[in-house]
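Colleague: Sharing a structure with you now.
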Amino acid sequence: MADCTELVKMLKQTALDAVDAKKPAAVYYGTVLSAAPLKIDVEQKMTLSQAQLVLTRAVVDHYVDIEVKHETEEKEGGTGAQAYEKHKHEYKGRKKIMIYNGLKPGERVIIIRFQEGQKFLVVDRVCDHTVEGQWL
């Protein structure tokens with residue numbers, strides 16, 4: 001929650017600075033050059049490093065809590081003992097899961113330059129990122 005509060009403060013300060021300067025923050029498009037360390041090429045004019053970037057949750061791996069209430073598929077197996085007969089299990093409650101949103105080389109991103117020009121907010125991808133996983 002502290003990250004969100006800090007992000008809101010930074011966005012408010014950027015808006016105030018933009019009004020004071022009568023010049024809005026600039027919006028750019030960039031391409032991720034590397035993930036670790038994070039480097040983003042901005043419109044072939046400059047390369048931004050991790051120290052210059054502020055990342056939203058839309059572009060980083062992070063945990064979230066979900067609530068589930070369902071049953072597993074009916075399965076059987078094992079040695080034929082009663083414990084391995086065909087059965088289902090209830091699966092419910094609050095669960096912690098990882099959202100894999102970290103940036104990957106080649107992805108295009110939307111960036112906002114803070115008024116002072118030293119920090120850049122990576123808002124989101126220009127299009128969906130590649131999804132990997134066991135169900136694909």
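So you can find residues: chains in the structure tokens are A, B, ... in the order shown, residues in each start at 1, and ligands are numbered from 1 in order.
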Would you list the contacts of segment 68-71 of chain A as a ChimeraX atom specification, taking every protein, DNA or RNA residue within 10 Å and counting only C-alpha atoms, but skipping same-chain residues closer than 2 positions in sequence?
Modeller: /A:65-66,73-74,88-95
Colleague: Pull N, CA, C and O atoms from the residues just selected and write them as an mmCIF file, in the first residue's frame.
Modeller:
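Dumped to selection_2.cif:
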```cif
data_model
loop_
_atom_site.group_PDB
_atom_site.id
_atom_site.type_symbol
_atom_site.label_atom_id
_atom_site.label_comp_id
_atom_site.auth_asym_id
_atom_site.auth_seq_id
_atom_site.Cartn_x
_atom_site.Cartn_y
_atom_site.Cartn_z
ATOM 1 N N ASP A 65 -3.657 -11.186 -3.458
ATOM 2 C CA ASP A 65 -4.510 -12.146 -2.767
ATOM 3 C C ASP A 65 -5.765 -12.360 -3.599
ATOM 4 O O ASP A 65 -6.330 -11.405 -4.126
ATOM 5 N N ILE A 66 -6.192 -13.610 -3.716
ATOM 6 C CA ILE A 66 -7.440 -13.934 -4.389
ATOM 7 C C ILE A 66 -8.259 -14.815 -3.467
ATOM 8 O O ILE A 66 -7.717 -15.402 -2.531
ATOM 9 N N GLU A 73 -10.518 -31.376 -9.890
ATOM 10 C CA GLU A 73 -11.086 -32.372 -10.795
ATOM 11 C C GLU A 73 -11.079 -33.728 -10.106
ATOM 12 O O GLU A 73 -10.247 -33.999 -9.242
ATOM 13 N N GLU A 74 -11.997 -34.596 -10.516
ATOM 14 C CA GLU A 74 -12.060 -35.935 -9.930
ATOM 15 C C GLU A 74 -10.907 -36.761 -10.495
ATOM 16 O O GLU A 74 -10.754 -36.890 -11.706
ATOM 17 N N LYS A 88 -12.595 -35.995 -5.177
ATOM 18 C CA LYS A 88 -12.370 -34.562 -5.388
ATOM 19 C C LYS A 88 -11.942 -33.956 -4.054
ATOM 20 O O LYS A 88 -12.202 -34.524 -3.001
ATOM 21 N N HIS A 89 -11.298 -32.792 -4.144
ATOM 22 C CA HIS A 89 -10.941 -32.042 -2.941
ATOM 23 C C HIS A 89 -11.551 -30.653 -3.047
ATOM 24 O O HIS A 89 -11.513 -30.043 -4.112
ATOM 25 N N GLU A 90 -12.073 -30.138 -1.954
ATOM 26 C CA GLU A 90 -12.530 -28.757 -1.926
ATOM 27 C C GLU A 90 -11.294 -27.854 -1.871
ATOM 28 O O GLU A 90 -10.315 -28.164 -1.204
ATOM 29 N N TYR A 91 -11.357 -26.770 -2.612
ATOM 30 C CA TYR A 91 -10.256 -25.803 -2.650
ATOM 31 C C TYR A 91 -10.890 -24.432 -2.480
ATOM 32 O O TYR A 91 -11.564 -23.943 -3.376
ATOM 33 N N LYS A 92 -10.726 -23.847 -1.295
ATOM 34 C CA LYS A 92 -11.365 -22.565 -1.062
ATOM 35 C C LYS A 92 -10.568 -21.735 -0.078
ATOM 36 O O LYS A 92 -9.680 -22.227 0.606
ATOM 37 N N GLY A 93 -10.902 -20.462 -0.049
ATOM 38 C CA GLY A 93 -10.263 -19.545 0.882
ATOM 39 C C GLY A 93 -9.423 -18.501 0.181
ATOM 40 O O GLY A 93 -9.391 -18.407 -1.044
ATOM 41 N N ARG A 94 -8.743 -17.719 0.973
ATOM 42 C CA ARG A 94 -7.887 -16.655 0.461
ATOM 43 C C ARG A 94 -6.525 -17.238 0.126
ATOM 44 O O ARG A 94 -5.902 -17.889 0.964
ATOM 45 N N LYS A 95 -6.073 -17.010 -1.094
ATOM 46 C CA LYS A 95 -4.805 -17.562 -1.573
ATOM 47 C C LYS A 95 -3.919 -16.433 -2.108
ATOM 48 O O LYS A 95 -4.401 -15.456 -2.661
#
```
Colleague: Identify all residues of segment 30-129 of chain A in helix (DSSP H, G or I) (DSSP on the backbone) and supply them as a JSON list (two decimals) with C-alpha atoms, in the first residue's frame.
Modeller:
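Saved result, part.json, follows:
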```
[["chain", "number", "residue", "atom", "x", "y", "z"],
["A", 50, "GLN", "CA", 16.70, 1.40, -13.48],
["A", 51, "ALA", "CA", 17.70, 4.38, -11.29],
["A", 52, "GLN", "CA", 15.73, 6.77, -13.51],
["A", 57, "ARG", "CA", 2.35, -2.68, -10.85],
["A", 58, "ALA", "CA", 1.38, -3.12, -14.49],
["A", 59, "VAL", "CA", 5.04, -3.74, -15.38],
["A", 82, "GLN", "CA", -8.83, -46.61, -0.55],
["A", 83, "ALA", "CA", -6.88, -43.36, -0.13],
["A", 84, "TYR", "CA", -6.25, -43.31, -3.90]]
```
Colleague: Segment 76-128 of chain A near segment 31-49 of chain A within 6 Å: what's each residue's closest atom pair and its distance in Å to one decimal, counting only C-alpha atoms, ordered by chain then ascending residue number, as CSV?
Modeller:
```
residue,atom,partner,partner_atom,distance
A:Lys104,CA,A:Ala35,CA,5.6
A:Pro105,CA,A:Val32,CA,4.8
A:Gly106,CA,A:Val32,CA,5.3
A:Glu107,CA,A:Val32,CA,5.5
A:Arg108,CA,A:Thr31,CA,4.5
```
Colleague: For Gly117 of chain A, list every protein, DNA or RNA residue within 10 Å, evaluated using only C-alpha atoms, and leave out those in the same chain fewer than 5 positions away; present the list as a PyMOL selection string.
Modeller: chain A and resi 25-26+52+112
Colleague: Just the selected residues (C-alpha atoms), exported as a short mmCIF file (atom, residue, chain, number, x, y, z; two decimals), in the first residue's frame, please.
Modeller:
```
data_model
loop_
_atom_site.label_atom_id
_atom_site.label_comp_id
_atom_site.auth_asym_id
_atom_site.auth_seq_id
_atom_site.Cartn_x
_atom_site.Cartn_y
_atom_site.Cartn_z
CA ALA A 25 4.68 16.25 -18.45
CA ALA A 26 5.87 14.61 -21.65
CA GLN A 52 15.73 6.77 -13.51
CA ILE A 112 5.72 9.75 -18.66
#
```
Colleague: Assign secondary structure with DSSP using the backbone only, and return the residues of chain A in strand (DSSP E or B) as number ranges by chain.
Modeller: A: 26-35, 38-42, 46-49, 53-55, 62-71, 75, 87, 90-99, 108-113, 120-125
Colleague: So that I can see what lies close to Thr14 of chain A, please list as a ChimeraX atom specification the residues with an atom at most 6 Å from it, counting only C-alpha atoms and leaving out residues fewer than 2 positions away in the same chain.
Modeller: /A:11-12,16-17,114-115
Colleague: May I have the residues within 7 Å of Ile110 of chain A as a compact mmCIF listing (two decimals) with N, CA and C atoms, in the first residue's frame, using only C-alpha atoms and disregarding those fewer than 5 positions away in the same chain?
Modeller:
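Listed below is the output, around-v2.txt:
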```txt
# COMPACT_ATOMS: atom_id res chain seq x y z
N TYR A 28 6.19 9.53 -23.66
CA TYR A 28 7.08 8.89 -24.63
C TYR A 28 6.72 7.43 -24.80
N TYR A 29 7.26 6.83 -25.84
CA TYR A 29 7.18 5.39 -26.04
C TYR A 29 8.61 4.87 -25.98
N GLY A 30 8.77 3.70 -25.39
CA GLY A 30 10.10 3.12 -25.28
C GLY A 30 10.08 1.64 -25.58
N VAL A 122 7.07 4.44 -15.84
CA VAL A 122 6.70 3.43 -16.83
C VAL A 122 5.28 3.01 -16.49
N VAL A 123 4.32 3.45 -17.30
CA VAL A 123 2.91 3.28 -17.00
C VAL A 123 2.41 1.89 -17.34
N ASP A 124 2.69 1.42 -18.56
CA ASP A 124 2.16 0.14 -19.01
C ASP A 124 2.82 -0.24 -20.32
N ARG A 125 2.46 -1.42 -20.80
CA ARG A 125 2.89 -1.85 -22.12
C ARG A 125 2.01 -1.21 -23.17
N VAL A 126 2.54 -1.07 -24.38
CA VAL A 126 1.73 -0.57 -25.48
C VAL A 126 0.75 -1.64 -25.92
```
Colleague: Which residues, written as number ranges by chain, have at least one atom at most 8 Å from Tyr100 of chain A, with only C-alpha atoms counted and residues fewer than 2 positions away on the same chain left out?
Modeller: A: 60-62, 98, 102
Colleague: So what do you get for atom CA of Ile99 of chain A versus atom CA of Gln13 of chain A, distance-wise?
Modeller: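 Distance reported for this atom pair: 28.9 Å.
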